[in-house]
$ cat coords_32.cif   # mmCIF, C-alpha atoms and all ligand atoms
data_query
#
loop_
_atom_site.label_atom_id
_atom_site.label_comp_id
_atom_site.auth_asym_id
_atom_site.auth_seq_id
_atom_site.Cartn_x
_atom_site.Cartn_y
_atom_site.Cartn_z
CA MET E 4 7.47 -28.65 -14.70
CA LYS E 5 4.72 -26.78 -16.43
CA SER E 6 5.24 -23.19 -17.58
CA VAL E 7 2.69 -20.88 -16.00
CA GLY E 8 1.66 -17.51 -17.39
CA ILE E 9 -1.03 -14.89 -17.66
CA ILE E 10 -3.62 -15.64 -20.35
CA GLY E 11 -6.19 -12.92 -19.58
CA VAL E 12 -6.41 -9.55 -17.85
CA GLY E 13 -9.38 -7.44 -16.69
CA THR E 14 -9.69 -4.28 -14.61
CA TYR E 15 -12.14 -1.92 -12.99
CA LEU E 16 -11.66 1.74 -12.08
CA PRO E 17 -14.40 3.72 -10.30
CA GLU E 18 -15.94 6.57 -12.29
CA GLN E 19 -15.29 9.35 -9.81
CA VAL E 20 -12.02 11.20 -10.50
CA VAL E 21 -10.56 13.13 -7.55
CA THR E 22 -7.85 15.59 -8.62
CA ASN E 23 -5.11 17.12 -6.50
CA HIS E 24 -7.03 20.39 -6.72
CA ASP E 25 -10.08 18.66 -5.21
CA LEU E 26 -7.88 17.62 -2.26
CA GLU E 27 -6.69 21.20 -1.76
CA LYS E 28 -10.23 21.86 -0.53
CA LEU E 29 -10.01 19.05 2.06
CA VAL E 30 -6.53 19.40 3.61
CA ASN E 31 -3.61 21.83 3.69
CA THR E 32 -1.91 20.58 0.52
CA ASP E 33 -1.34 21.70 -3.04
CA ASP E 34 -1.15 20.18 -6.48
CA GLU E 35 2.53 21.12 -6.86
CA TRP E 36 3.56 19.27 -3.67
CA ILE E 37 1.63 16.14 -4.56
CA ARG E 38 2.88 16.06 -8.16
CA THR E 39 6.53 16.67 -7.38
CA ARG E 40 6.73 14.45 -4.27
CA THR E 41 4.63 11.54 -5.53
CA GLY E 42 3.89 11.86 -9.27
CA ILE E 43 0.13 11.65 -8.63
CA GLU E 44 -2.25 14.02 -10.42
CA GLU E 45 -5.57 12.29 -9.85
CA ARG E 46 -7.05 9.10 -8.44
CA ARG E 47 -10.36 7.23 -8.68
CA ILE E 48 -12.56 6.92 -5.63
CA ALA E 49 -15.32 4.30 -5.39
CA SER E 50 -18.88 5.26 -4.49
CA ASN E 51 -20.52 4.20 -1.22
CA GLU E 52 -22.37 1.43 -3.08
CA MET E 53 -19.17 -0.03 -4.52
CA ASP E 54 -17.06 -2.12 -2.13
CA THR E 55 -13.86 -4.09 -2.74
CA SER E 56 -15.78 -7.24 -3.79
CA ASP E 57 -17.91 -5.33 -6.33
CA MET E 58 -14.80 -4.02 -8.08
CA ALA E 59 -13.15 -7.46 -7.89
CA ILE E 60 -16.18 -9.12 -9.52
CA ILE E 61 -16.19 -6.72 -12.49
CA ALA E 62 -12.44 -7.11 -13.05
CA ALA E 63 -12.73 -10.91 -12.74
CA LYS E 64 -15.51 -11.16 -15.32
CA LYS E 65 -13.49 -9.08 -17.78
CA ALA E 66 -10.38 -11.21 -17.22
CA LEU E 67 -12.36 -14.39 -17.95
CA ILE E 68 -13.67 -12.91 -21.21
CA ASN E 69 -10.17 -11.73 -22.12
CA ALA E 70 -8.84 -15.25 -21.47
CA SER E 71 -11.71 -16.79 -23.50
CA LEU E 72 -12.58 -19.04 -20.56
CA ASP E 73 -15.88 -19.91 -18.89
CA VAL E 74 -16.41 -19.73 -15.15
CA SER E 75 -16.50 -23.54 -15.14
CA ASP E 76 -12.85 -23.57 -16.29
CA ILE E 77 -11.64 -21.82 -13.12
CA ASP E 78 -10.29 -24.07 -10.34
CA LEU E 79 -9.25 -21.57 -7.67
CA ILE E 80 -9.84 -17.90 -6.79
CA ILE E 81 -7.27 -15.86 -4.85
CA VAL E 82 -7.98 -12.24 -3.96
CA ALA E 83 -5.14 -10.05 -2.75
CA THR E 84 -6.59 -7.26 -0.64
CA ALA E 85 -6.03 -5.22 2.50
CA THR E 86 -9.51 -3.72 2.34
CA ALA E 87 -11.91 -6.70 2.35
CA ASP E 88 -15.62 -5.87 2.68
CA SER E 89 -15.58 -7.59 6.10
CA VAL E 90 -13.30 -9.84 8.15
CA PHE E 91 -15.17 -12.80 6.67
CA PRO E 92 -16.52 -14.10 4.39
CA SER E 93 -13.51 -13.39 2.21
CA VAL E 94 -13.75 -11.22 -0.89
CA ALA E 95 -12.75 -14.35 -2.83
CA CYS E 96 -15.89 -16.16 -1.60
CA MET E 97 -18.00 -13.15 -2.62
CA VAL E 98 -16.46 -13.29 -6.08
CA GLN E 99 -17.08 -17.03 -6.20
CA GLU E 100 -20.77 -16.47 -5.35
CA ALA E 101 -21.17 -13.72 -7.96
CA LEU E 102 -19.51 -15.83 -10.66
CA GLU E 103 -21.57 -18.87 -9.60
CA ALA E 104 -18.33 -20.83 -9.48
CA HIS E 105 -19.85 -23.18 -6.92
CA HIS E 106 -17.59 -25.37 -4.76
CA ILE E 107 -14.22 -24.23 -6.09
CA PRO E 108 -11.77 -23.06 -3.41
CA ALA E 109 -11.54 -19.33 -2.79
CA MET E 110 -9.35 -17.37 -0.40
CA ASP E 111 -8.02 -13.91 0.36
CA LEU E 112 -4.32 -13.24 0.70
CA SER E 113 -2.95 -10.47 2.89
CA ALA E 114 0.35 -8.91 1.82
CA ALA E 115 -0.76 -5.26 1.46
CA CYS E 116 0.61 -3.62 -1.71
CA THR E 117 2.67 -6.74 -2.50
CA GLY E 118 -0.47 -8.88 -2.40
CA PHE E 119 -0.83 -9.28 -6.15
CA VAL E 120 2.72 -10.58 -6.57
CA TYR E 121 2.32 -12.98 -3.62
CA ALA E 122 -0.99 -14.21 -5.08
CA LEU E 123 0.51 -14.68 -8.53
CA VAL E 124 3.32 -16.81 -7.13
CA THR E 125 0.87 -18.79 -4.96
CA GLY E 126 -1.42 -19.52 -7.90
CA LYS E 127 1.53 -20.60 -10.03
CA GLN E 128 2.41 -23.39 -7.57
CA PHE E 129 -0.96 -25.11 -8.01
CA ILE E 130 -0.72 -25.13 -11.79
CA GLU E 131 2.92 -26.15 -11.89
CA THR E 132 2.19 -29.19 -9.71
CA ASN E 133 -0.78 -30.25 -11.87
CA THR E 134 -3.23 -29.57 -9.01
CA TYR E 135 -5.29 -26.97 -10.89
CA LYS E 136 -5.48 -25.80 -14.49
CA ASN E 137 -6.73 -22.23 -14.27
CA VAL E 138 -6.44 -19.86 -11.33
CA LEU E 139 -8.14 -16.48 -11.06
CA ILE E 140 -5.93 -13.92 -9.30
CA ILE E 141 -7.44 -10.59 -8.30
CA GLY E 142 -6.03 -7.49 -6.62
CA SER E 143 -8.85 -5.27 -5.39
CA GLU E 144 -8.70 -2.34 -2.99
CA LYS E 145 -10.96 0.34 -1.60
CA PHE E 146 -8.35 2.26 0.39
CA SER E 147 -10.66 5.29 0.48
CA LYS E 148 -12.57 3.61 3.32
CA ILE E 149 -9.47 3.23 5.54
CA ILE E 150 -8.10 6.71 4.85
CA ASP E 151 -8.37 9.60 7.28
CA TRP E 152 -9.48 12.31 4.86
CA THR E 153 -8.15 14.98 7.25
CA ASP E 154 -4.57 13.55 7.22
CA ARG E 155 -2.55 15.11 4.39
CA ASN E 156 0.28 12.63 4.94
CA THR E 157 -1.83 9.77 3.62
CA CYS E 158 -5.05 10.98 1.97
CA VAL E 159 -3.32 12.35 -1.13
CA LEU E 160 -1.61 9.05 -1.91
CA PHE E 161 -4.21 6.36 -2.45
CA GLY E 162 -6.88 5.45 -4.98
CA ASP E 163 -9.43 2.66 -5.47
CA GLY E 164 -9.58 0.00 -8.19
CA ALA E 165 -9.24 -3.65 -9.14
CA GLY E 166 -7.29 -5.80 -11.56
CA ALA E 167 -7.60 -9.51 -12.31
CA VAL E 168 -5.61 -12.05 -14.28
CA VAL E 169 -6.14 -15.66 -15.29
CA LEU E 170 -3.12 -17.89 -14.72
CA SER E 171 -2.76 -21.05 -16.81
CA GLU E 172 -0.26 -23.32 -18.45
CA VAL E 173 1.55 -21.61 -21.34
CA SER E 174 4.14 -22.78 -23.89
CA GLN E 175 7.55 -23.80 -22.57
CA GLY E 176 9.83 -20.79 -22.19
CA LYS E 177 6.94 -18.38 -21.68
CA GLY E 178 5.19 -17.30 -18.49
CA ILE E 179 6.80 -16.84 -15.07
CA LEU E 180 10.53 -17.52 -15.34
CA ALA E 181 11.54 -16.62 -11.79
CA PHE E 182 10.34 -14.85 -8.67
CA GLU E 183 11.47 -13.61 -5.30
CA LEU E 184 9.24 -12.99 -2.29
CA GLY E 185 10.31 -11.39 0.98
CA ALA E 186 9.06 -9.86 4.20
CA GLU E 187 10.52 -8.06 7.21
CA GLY E 188 8.11 -7.82 10.12
CA THR E 189 10.36 -5.51 12.10
CA GLY E 190 9.36 -2.76 9.65
CA GLY E 191 5.63 -3.36 10.16
CA LYS E 192 5.46 -0.33 12.46
CA HIS E 193 6.16 2.01 9.54
CA LEU E 194 2.95 1.24 7.62
CA PHE E 195 -0.15 -0.13 9.31
CA VAL E 196 -3.85 0.27 10.01
CA ASP E 197 -4.24 1.93 13.41
CA LYS E 198 -6.30 -0.27 15.76
CA GLN E 199 -8.02 2.70 17.40
CA THR E 200 -8.98 4.69 14.32
CA ASN E 201 -8.98 1.96 11.65
CA TYR E 202 -7.12 4.40 9.40
CA VAL E 203 -3.86 3.91 7.50
CA ALA E 204 -0.85 5.31 9.35
CA MET E 205 2.53 5.64 7.69
CA ASN E 206 6.06 6.82 8.34
CA GLY E 207 6.53 7.86 4.72
CA ARG E 208 10.25 8.50 4.95
CA GLU E 209 11.01 5.05 6.38
CA VAL E 210 8.83 3.29 3.82
CA PHE E 211 10.49 5.34 1.10
CA LYS E 212 13.99 4.33 2.25
CA PHE E 213 12.95 0.67 2.47
CA ALA E 214 11.44 0.74 -1.02
CA ALA E 215 14.35 2.59 -2.62
CA ARG E 216 16.70 -0.11 -1.27
CA GLN E 217 14.58 -3.26 -1.55
CA VAL E 218 12.81 -2.77 -4.88
CA PRO E 219 15.88 -2.80 -7.16
CA GLU E 220 17.56 -5.52 -5.05
CA SER E 221 14.53 -7.78 -5.32
CA CYS E 222 14.27 -7.22 -9.07
CA LEU E 223 17.96 -7.96 -9.55
CA ASN E 224 17.62 -11.19 -7.52
CA ALA E 225 14.67 -12.37 -9.62
CA ILE E 226 16.37 -11.40 -12.90
CA LYS E 227 19.46 -13.39 -11.85
CA LYS E 228 17.31 -16.40 -10.89
CA ALA E 229 15.78 -16.27 -14.38
CA GLY E 230 19.30 -16.43 -15.83
CA LEU E 231 18.85 -13.01 -17.41
CA GLU E 232 20.57 -9.62 -17.36
CA THR E 233 18.96 -6.21 -16.82
CA THR E 234 19.59 -5.52 -20.52
CA ASP E 235 17.11 -8.33 -21.31
CA ILE E 236 14.21 -6.44 -19.71
CA ASP E 237 11.69 -5.18 -22.25
CA TYR E 238 9.21 -3.65 -19.82
CA PHE E 239 9.10 -2.86 -16.10
CA VAL E 240 5.79 -2.85 -14.19
CA PRO E 241 6.48 -1.71 -10.63
CA HIS E 242 3.94 -1.11 -7.89
CA GLN E 243 2.77 2.47 -8.31
CA ALA E 244 3.43 4.16 -4.95
CA ASN E 245 5.76 7.03 -5.79
CA THR E 246 7.38 8.20 -9.04
CA ARG E 247 10.62 8.89 -7.17
CA ILE E 248 10.79 5.27 -5.96
CA ILE E 249 10.07 4.04 -9.49
CA ASP E 250 12.73 6.38 -10.95
CA ALA E 251 15.34 5.23 -8.43
CA ALA E 252 14.65 1.58 -9.34
CA ARG E 253 14.64 2.39 -13.05
CA GLU E 254 18.05 4.04 -12.80
CA ARG E 255 19.49 1.19 -10.76
CA LEU E 256 18.26 -1.28 -13.38
CA GLY E 257 19.58 0.94 -16.17
CA LEU E 258 16.22 1.16 -17.94
CA ALA E 259 15.03 3.88 -20.32
CA LYS E 260 11.93 5.81 -19.20
CA GLU E 261 9.91 4.37 -22.11
CA LYS E 262 10.34 0.90 -20.63
CA VAL E 263 8.65 1.72 -17.33
CA SER E 264 4.97 1.85 -16.51
CA ALA E 265 3.86 5.07 -14.82
CA THR E 266 0.14 4.86 -14.21
CA ILE E 267 0.46 6.48 -10.79
CA LYS E 268 -0.33 9.86 -12.40
CA GLU E 269 -3.95 8.81 -13.04
CA HIS E 270 -4.48 5.98 -10.54
CA GLY E 271 -2.56 7.01 -7.41
CA ASN E 272 -1.48 4.13 -5.21
CA THR E 273 -4.12 1.38 -5.52
CA SER E 274 -2.18 -1.09 -3.35
CA ALA E 275 -2.71 -4.72 -4.48
CA ALA E 276 -4.58 -3.52 -7.58
CA SER E 277 -1.78 -1.32 -8.88
CA ILE E 278 0.29 -3.90 -10.77
CA PRO E 279 -2.60 -5.56 -12.67
CA LEU E 280 -4.03 -2.10 -13.40
CA ALA E 281 -0.65 -0.97 -14.76
CA LEU E 282 -0.20 -4.23 -16.69
CA PHE E 283 -3.57 -3.84 -18.39
CA THR E 284 -2.92 -0.16 -19.20
CA GLU E 285 0.40 -0.98 -20.85
CA ILE E 286 -1.06 -3.88 -22.84
CA GLU E 287 -3.70 -1.41 -24.11
CA ASN E 288 -0.93 1.10 -24.88
CA GLY E 289 0.85 -1.53 -26.97
CA LYS E 290 3.89 -1.48 -24.67
CA ILE E 291 3.73 -5.18 -23.77
CA ASN E 292 4.05 -7.61 -26.64
CA GLU E 293 4.49 -11.33 -27.31
CA ASN E 294 7.83 -12.67 -26.02
CA ASP E 295 8.68 -9.49 -24.07
CA ILE E 296 10.55 -9.97 -20.80
CA ILE E 297 8.48 -8.24 -18.12
CA VAL E 298 9.56 -7.54 -14.55
CA MET E 299 6.88 -6.80 -11.97
CA VAL E 300 7.73 -5.72 -8.44
CA GLY E 301 5.51 -5.07 -5.45
CA PHE E 302 6.34 -3.62 -2.03
CA GLY E 303 4.45 -2.33 0.97
CA GLY E 304 2.98 -3.02 4.39
CA GLY E 305 4.42 -5.91 6.36
CA LEU E 306 6.91 -4.85 5.27
CA THR E 307 6.70 -7.08 2.22
CA TRP E 308 8.17 -7.22 -1.27
CA GLY E 309 8.12 -9.49 -4.27
CA SER E 310 9.32 -9.61 -7.87
CA VAL E 311 8.28 -11.72 -10.82
CA VAL E 312 10.11 -12.07 -14.14
CA LEU E 313 8.01 -13.40 -16.98
CA ARG E 314 8.09 -13.83 -20.71
CA TRP E 315 4.82 -12.48 -22.05
CA GLY E 316 2.59 -14.69 -24.18
CA LYS E 317 0.72 -17.98 -24.21
O1 LIG X 1 2.31 1.34 -1.26
C1 LIG X 1 2.79 1.32 0.03
C2 LIG X 1 4.12 1.88 0.12
N1 LIG X 1 4.08 3.30 0.43
C3 LIG X 1 5.03 4.06 -0.07
O2 LIG X 1 5.83 3.62 -0.84
C4 LIG X 1 5.15 5.49 0.42
C5 LIG X 1 6.62 5.86 0.54
N2 LIG X 1 6.83 7.21 0.94
C6 LIG X 1 6.57 8.26 0.13
O3 LIG X 1 6.11 8.10 -0.97
C7 LIG X 1 6.96 9.62 0.62
O4 LIG X 1 7.67 9.51 1.83
C8 LIG X 1 5.73 10.57 0.83
C9 LIG X 1 5.17 10.97 -0.52
C10 LIG X 1 4.68 9.88 1.66
C11 LIG X 1 6.20 11.84 1.55
O5 LIG X 1 7.21 12.46 0.80
P1 LIG X 1 8.55 12.96 1.54
O6 LIG X 1 9.36 13.63 0.53
O7 LIG X 1 9.14 11.76 2.23
O8 LIG X 1 7.99 14.02 2.55
P2 LIG X 1 8.08 14.02 4.14
O9 LIG X 1 7.19 12.98 4.73
O10 LIG X 1 9.51 14.02 4.52
O11 LIG X 1 7.46 15.44 4.43
C12 LIG X 1 8.05 16.64 3.94
C13 LIG X 1 7.17 17.80 4.30
C14 LIG X 1 6.71 17.77 5.77
O12 LIG X 1 6.70 19.07 6.25
P3 LIG X 1 7.88 19.61 7.22
O13 LIG X 1 7.82 18.69 8.40
O14 LIG X 1 9.14 19.47 6.42
O15 LIG X 1 7.47 21.00 7.49
C15 LIG X 1 5.29 17.25 5.67
O16 LIG X 1 4.49 17.70 6.74
O17 LIG X 1 5.96 17.76 3.52
C16 LIG X 1 4.84 17.87 4.38
N3 LIG X 1 3.70 17.16 3.78
C17 LIG X 1 2.86 17.73 2.90
N4 LIG X 1 2.79 18.98 2.40
C18 LIG X 1 1.80 19.24 1.54
C19 LIG X 1 3.34 15.86 3.96
N5 LIG X 1 2.25 15.59 3.23
C20 LIG X 1 1.93 16.74 2.57
C21 LIG X 1 0.93 17.08 1.65
N6 LIG X 1 0.89 18.34 1.16
N7 LIG X 1 -0.01 16.18 1.25
#
$ encode --input "coords_32.cif" --output "C-alpha cells" --more "lines below"
Ligand code: UT7
Amino acid sequence: MKSVGIIGVGTYLPEQVVTNHDLEKLVNTDDEWIRTRTGIEERRIASNEMDTSDMAIIAAKKALINASLDVSDIDLIIVATATADSVFPSVACMVQEALEAHHIPAMDLSAACTGFVYALVTGKQFIETNTYKNVLIIGSEKFSKIIDWTDRNTCVLFGDGAGAVVLSEVSQGKGILAFELGAEGTGGKHLFVDKQTNYVAMNGREVFKFAARQVPESCLNAIKKAGLETTDIDYFVPHQANTRIIDAARERLGLAKEKVSATIKEHGNTSAASIPLALFTEIENGKINENDIIVMVGFGGGLTWGSVVLRWGK
C-alpha cells in the first residue's frame, strides 16, 4: 500500500478581528469569563462579501503553491464544511470552478468540527488504492452566519477561516500511519443547527463532557493502531474548541505544554478549519519538523470524532 501524506498547506483568515471586549458590547459577557472558560481572546469574522467558498478558494490556491503543484495535478476536491454557501452546488464545486479544475470530482463532506479529519481519511483511501494521485482537502467555515449574535452561550465561541492541504503519495514510513473515526448520533441533540432559527444551538456542558472523554480515548486508539506510544508524540494538533478540553487531553496523553497547538486564543473555534489552521500556524512557528510524529484530533457535532497519527514529511 502507498504511504499518503500532506505535501502542501494553505490558509485564509478574514481581516476583521473581533476581541472579547468587542463582544462585551453585544451580549452580557466579559473578557475574563471568555478567557478563563474557553481560552479565546479574539476571533476573525468574515465580511458580508466573503462566504465559505471564497475563503476555501484562497486557502486552496495557497496550498497548491505550497505543494508546488498545478491545478491540473489535482484529481479530487473534498471540502469539509458545515456552513456551505448554499445547499447546492457544493462548496467543492465552487472551488473547482474557481480553480478551473474542469471535470475532476468535487464534493462536500459533513462532519461538523470533525470534518477535516474525516475528509483527510477519505482522501487517503483514493490515493492508497491508486485511484487518484493528488487530493485537495479543504476545511472552510463561516460560522458567523449561523450564530445568534444575541446568544452569549454560543456567539463568543466561534470564528471564521479556512485551511487546505494537498494529500499525495509520500516516502514509505511517512504520512498517515493510523486513524480512528467515530460517531454517536444519540448525542446529536447536544449540538445542532436549529431548524426554526437556523442558528447553532449547544448544550455546552454535555459537549464538554463528551469531548473530555472521547478526545484522549480516540487519540490513544489511533496511537496504538500506529504501533506507537504516547511518548513517541512530537506534536499534538487538536481541534481548537476549548483550552480546558485541550488541557485535559494533553494531561491524559502525558504531553508537555510546548508540544500542543493552542491557536484558539487568536482564532476561536473555526470548526472544520481549525486543525489545518493550527497545523499551518505551527509549521510557521517551526514546531512541526521533518519526521515528527503528529497527532491530530477532531470532535464536534454529530456527535463525531476522529484522530490521525502521521509522520511529517514527504
Ligand atoms: O467544536 C464543537 C465542540 N464544541 C465544544 O467543544 C464546546 C464544549 N463546551 C464548552 O466549551 C463549554 O461548555 C462552554 C465554554 C460552552 C461553557 O463553559 P462551562 O464552563 O461549561 O459553562 P456553563 O455552560 O456551565 O455555564 C456556566 C455559567 C452559566 O451561568 P449560571 O447558569 O451558572 O448562572 C452561563 O449562563 O456561565 C454562563 N455563561 C456565560 N457568562 C458570561 C455562559 N456563556 C457565558 C458568556 N459570558 N459568554
$ residues_near_ligand --input "coords_32.cif" --ligand "ligand LIG 1 (chain X)" --cutoff "9 Å" --atoms "all atoms listed in the file" --output "PyMOL selection string"
chain E and resi 26-27+30-37+39-42+115-117+154-161+194+205-215+242-248+272-275+301-304+306
$ atom_distance --input "coords_32.cif" --atom1 "atom CA of E:Gln217" --atom2 "atom CA of E:Ala229"
18.3 Å
$ closest_residue --input "coords_32.cif" --among "E:Val124, E:Ile43, E:Val203, E:Ala62" --to "E:Ala165" --atoms "all atoms listed in the file"
E:Ala62
$ closest_residue --input "coords_32.cif" --among "E:Ile267, E:Ala109, E:Val240, E:Leu123" --to "E:Pro92" --atoms "only C-alpha atoms"
E:Ala109
$ closest_atom_pairs --input "coords_32.cif" --of "stretch 174-220 of chain E" --to "stretch 125-129 of chain E" --cutoff "12 Å" --atoms "all atoms listed in the file" --output "JSON lines"
{"residue": "E:Gly178", "atom": "CA", "partner": "E:Lys127", "partner_atom": "CA", "distance": 9.8}
{"residue": "E:Ile179", "atom": "CA", "partner": "E:Lys127", "partner_atom": "CA", "distance": 8.2}
{"residue": "E:Leu180", "atom": "CA", "partner": "E:Lys127", "partner_atom": "CA", "distance": 10.9}
{"residue": "E:Ala181", "atom": "CA", "partner": "E:Lys127", "partner_atom": "CA", "distance": 10.9}
{"residue": "E:Phe182", "atom": "CA", "partner": "E:Lys127", "partner_atom": "CA", "distance": 10.6}
{"residue": "E:Glu183", "atom": "CA", "partner": "E:Thr125", "partner_atom": "CA", "distance": 11.8}
{"residue": "E:Leu184", "atom": "CA", "partner": "E:Thr125", "partner_atom": "CA", "distance": 10.5}
$ closest_residue --input "coords_32.cif" --among "E:Ile149, E:Ala70, E:Cys222, E:Met53" --to "E:Trp308" --atoms "all atoms listed in the file"
E:Cys222
$ residues_near_point --input "coords_32.cif" --point "(-17.8, -4.4, -4.0)" --cutoff "9 Å" --atoms "all atoms listed in the file" --output "mmCIF file with C-alpha atoms, in the coordinates of the input"
data_model
loop_
_atom_site.group_PDB
_atom_site.id
_atom_site.type_symbol
_atom_site.label_atom_id
_atom_site.label_comp_id
_atom_site.auth_asym_id
_atom_site.auth_seq_id
_atom_site.Cartn_x
_atom_site.Cartn_y
_atom_site.Cartn_z
ATOM 1 C CA GLU E 52 -22.370 1.430 -3.080
ATOM 2 C CA MET E 53 -19.170 -0.030 -4.520
ATOM 3 C CA ASP E 54 -17.060 -2.120 -2.130
ATOM 4 C CA THR E 55 -13.860 -4.090 -2.740
ATOM 5 C CA SER E 56 -15.780 -7.240 -3.790
ATOM 6 C CA ASP E 57 -17.910 -5.330 -6.330
ATOM 7 C CA MET E 58 -14.800 -4.020 -8.080
ATOM 8 C CA ALA E 59 -13.150 -7.460 -7.890
ATOM 9 C CA ILE E 60 -16.180 -9.120 -9.520
ATOM 10 C CA ILE E 61 -16.190 -6.720 -12.490
ATOM 11 C CA ALA E 87 -11.910 -6.700 2.350
ATOM 12 C CA ASP E 88 -15.620 -5.870 2.680
ATOM 13 C CA VAL E 94 -13.750 -11.220 -0.890
ATOM 14 C CA MET E 97 -18.000 -13.150 -2.620
ATOM 15 C CA LYS E 145 -10.960 0.340 -1.600
#
$ residues_around --input "coords_32.cif" --residues "stretch 170-175 of chain E" --least-positions-apart "5" --cutoff "8 Å" --atoms "only C-alpha atoms" --output "number ranges by chain"
E: 5-11, 123, 126-127, 130-131, 136-140, 316-317
$ axis_aligned_box --input "coords_32.cif" --around "stretch 299-308 of chain E" --padding-each-side "5 Å" --output "AutoDock Vina command-line options"
--center_x 5.6 --center_y -4.8 --center_z -2.8 --size_x 15.2 --size_y 14.9 --size_z 28.3
$ atom_distance --input "coords_32.cif" --atom1 "atom CA of E:Gly271" --atom2 "atom CA of E:Ile150"
13.5 Å
$ residues_around --input "coords_32.cif" --residues "stretch 257-260 of chain E" --least-positions-apart "5" --cutoff "9 Å" --atoms "only C-alpha atoms" --output "PyMOL selection string"
chain E and resi 233-234+236-239+250+252
$ write_last_selection --input "coords_32.cif" --atoms "C-alpha atoms" --output "mmCIF file, keeping the file's coordinate frame"
data_model
loop_
_atom_site.group_PDB
_atom_site.id
_atom_site.type_symbol
_atom_site.label_atom_id
_atom_site.label_comp_id
_atom_site.auth_asym_id
_atom_site.auth_seq_id
_atom_site.Cartn_x
_atom_site.Cartn_y
_atom_site.Cartn_z
ATOM 1 C CA THR E 233 18.960 -6.210 -16.820
ATOM 2 C CA THR E 234 19.590 -5.520 -20.520
ATOM 3 C CA ILE E 236 14.210 -6.440 -19.710
ATOM 4 C CA ASP E 237 11.690 -5.180 -22.250
ATOM 5 C CA TYR E 238 9.210 -3.650 -19.820
ATOM 6 C CA PHE E 239 9.100 -2.860 -16.100
ATOM 7 C CA ASP E 250 12.730 6.380 -10.950
ATOM 8 C CA ALA E 252 14.650 1.580 -9.340
#
$ closest_residue --input "coords_32.cif" --among "E:Lys290, E:His24, E:Arg314, E:Lys148" --to "E:Val196" --atoms "all atoms listed in the file"
E:Lys148
$ atom_distance --input "coords_32.cif" --atom1 "atom CA of E:Ser277" --atom2 "atom CA of E:His106"
29.1 Å
$ closest_residue --input "coords_32.cif" --among "E:Asn69, E:Ser221, E:Asn201, E:Ser264" --to "E:Ala85" --atoms "only C-alpha atoms"
E:Asn201
$ closest_residue --input "coords_32.cif" --among "E:Leu29, E:Gln19, E:Gly305, E:Val90" --to "E:Thr153" --atoms "only C-alpha atoms"
E:Leu29
$ residues_around --input "coords_32.cif" --residues "E:Val20" --least-positions-apart "2" --cutoff "9 Å" --atoms "all atoms listed in the file" --output "tab-separated table (two decimals) with C-alpha atoms, in the frame of the given file"
chain	number	residue	atom	x	y	z
E	17	PRO	CA	-14.40	3.72	-10.30
E	18	GLU	CA	-15.94	6.57	-12.29
E	22	THR	CA	-7.85	15.59	-8.62
E	45	GLU	CA	-5.57	12.29	-9.85
E	46	ARG	CA	-7.05	9.10	-8.44
E	47	ARG	CA	-10.36	7.23	-8.68
E	48	ILE	CA	-12.56	6.92	-5.63
E	269	GLU	CA	-3.95	8.81	-13.04
$ build_atoms --input "coords_32.cif" --residues "stretch 8-20 of chain E" --atoms "N, CA and C atoms" --output "PDB file, in the frame of the given file"
ATOM      1  N   GLY E   8       1.682 -18.928 -17.012  1.00  0.00           N
ATOM      2  CA  GLY E   8       1.660 -17.510 -17.390  1.00  0.00           C
ATOM      3  C   GLY E   8       0.282 -16.910 -17.342  1.00  0.00           C
ATOM      4  N   ILE E   9       0.226 -15.648 -17.686  1.00  0.00           N
ATOM      5  CA  ILE E   9      -1.030 -14.890 -17.660  1.00  0.00           C
ATOM      6  C   ILE E   9      -1.694 -15.005 -19.035  1.00  0.00           C
ATOM      7  N   ILE E  10      -2.947 -15.482 -19.054  1.00  0.00           N
ATOM      8  CA  ILE E  10      -3.620 -15.640 -20.350  1.00  0.00           C
ATOM      9  C   ILE E  10      -4.818 -14.684 -20.502  1.00  0.00           C
ATOM     10  N   GLY E  11      -5.092 -13.896 -19.471  1.00  0.00           N
ATOM     11  CA  GLY E  11      -6.190 -12.920 -19.580  1.00  0.00           C
ATOM     12  C   GLY E  11      -6.082 -11.881 -18.489  1.00  0.00           C
ATOM     13  N   VAL E  12      -6.486 -10.658 -18.821  1.00  0.00           N
ATOM     14  CA  VAL E  12      -6.410  -9.550 -17.850  1.00  0.00           C
ATOM     15  C   VAL E  12      -7.712  -8.752 -17.910  1.00  0.00           C
ATOM     16  N   GLY E  13      -8.194  -8.312 -16.742  1.00  0.00           N
ATOM     17  CA  GLY E  13      -9.380  -7.440 -16.690  1.00  0.00           C
ATOM     18  C   GLY E  13      -9.244  -6.465 -15.541  1.00  0.00           C
ATOM     19  N   THR E  14      -9.841  -5.283 -15.680  1.00  0.00           N
ATOM     20  CA  THR E  14      -9.690  -4.280 -14.610  1.00  0.00           C
ATOM     21  C   THR E  14     -10.997  -3.543 -14.360  1.00  0.00           C
ATOM     22  N   TYR E  15     -11.025  -2.838 -13.256  1.00  0.00           N
ATOM     23  CA  TYR E  15     -12.140  -1.920 -12.990  1.00  0.00           C
ATOM     24  C   TYR E  15     -11.588  -0.685 -12.268  1.00  0.00           C
ATOM     25  N   LEU E  16     -11.977   0.473 -12.763  1.00  0.00           N
ATOM     26  CA  LEU E  16     -11.660   1.740 -12.080  1.00  0.00           C
ATOM     27  C   LEU E  16     -12.965   2.475 -11.808  1.00  0.00           C
ATOM     28  N   PRO E  17     -13.176   2.962 -10.592  1.00  0.00           N
ATOM     29  CA  PRO E  17     -14.400   3.720 -10.300  1.00  0.00           C
ATOM     30  C   PRO E  17     -14.499   4.955 -11.188  1.00  0.00           C
ATOM     31  N   GLU E  18     -15.739   5.424 -11.386  1.00  0.00           N
ATOM     32  CA  GLU E  18     -15.940   6.570 -12.290  1.00  0.00           C
ATOM     33  C   GLU E  18     -15.438   7.895 -11.702  1.00  0.00           C
ATOM     34  N   GLN E  19     -15.602   8.046 -10.385  1.00  0.00           N
ATOM     35  CA  GLN E  19     -15.290   9.350  -9.810  1.00  0.00           C
ATOM     36  C   GLN E  19     -13.785   9.657  -9.788  1.00  0.00           C
ATOM     37  N   VAL E  20     -13.420  10.755 -10.469  1.00  0.00           N
ATOM     38  CA  VAL E  20     -12.020  11.200 -10.500  1.00  0.00           C
ATOM     39  C   VAL E  20     -11.854  12.282  -9.432  1.00  0.00           C
TER      40      VAL E  20
END
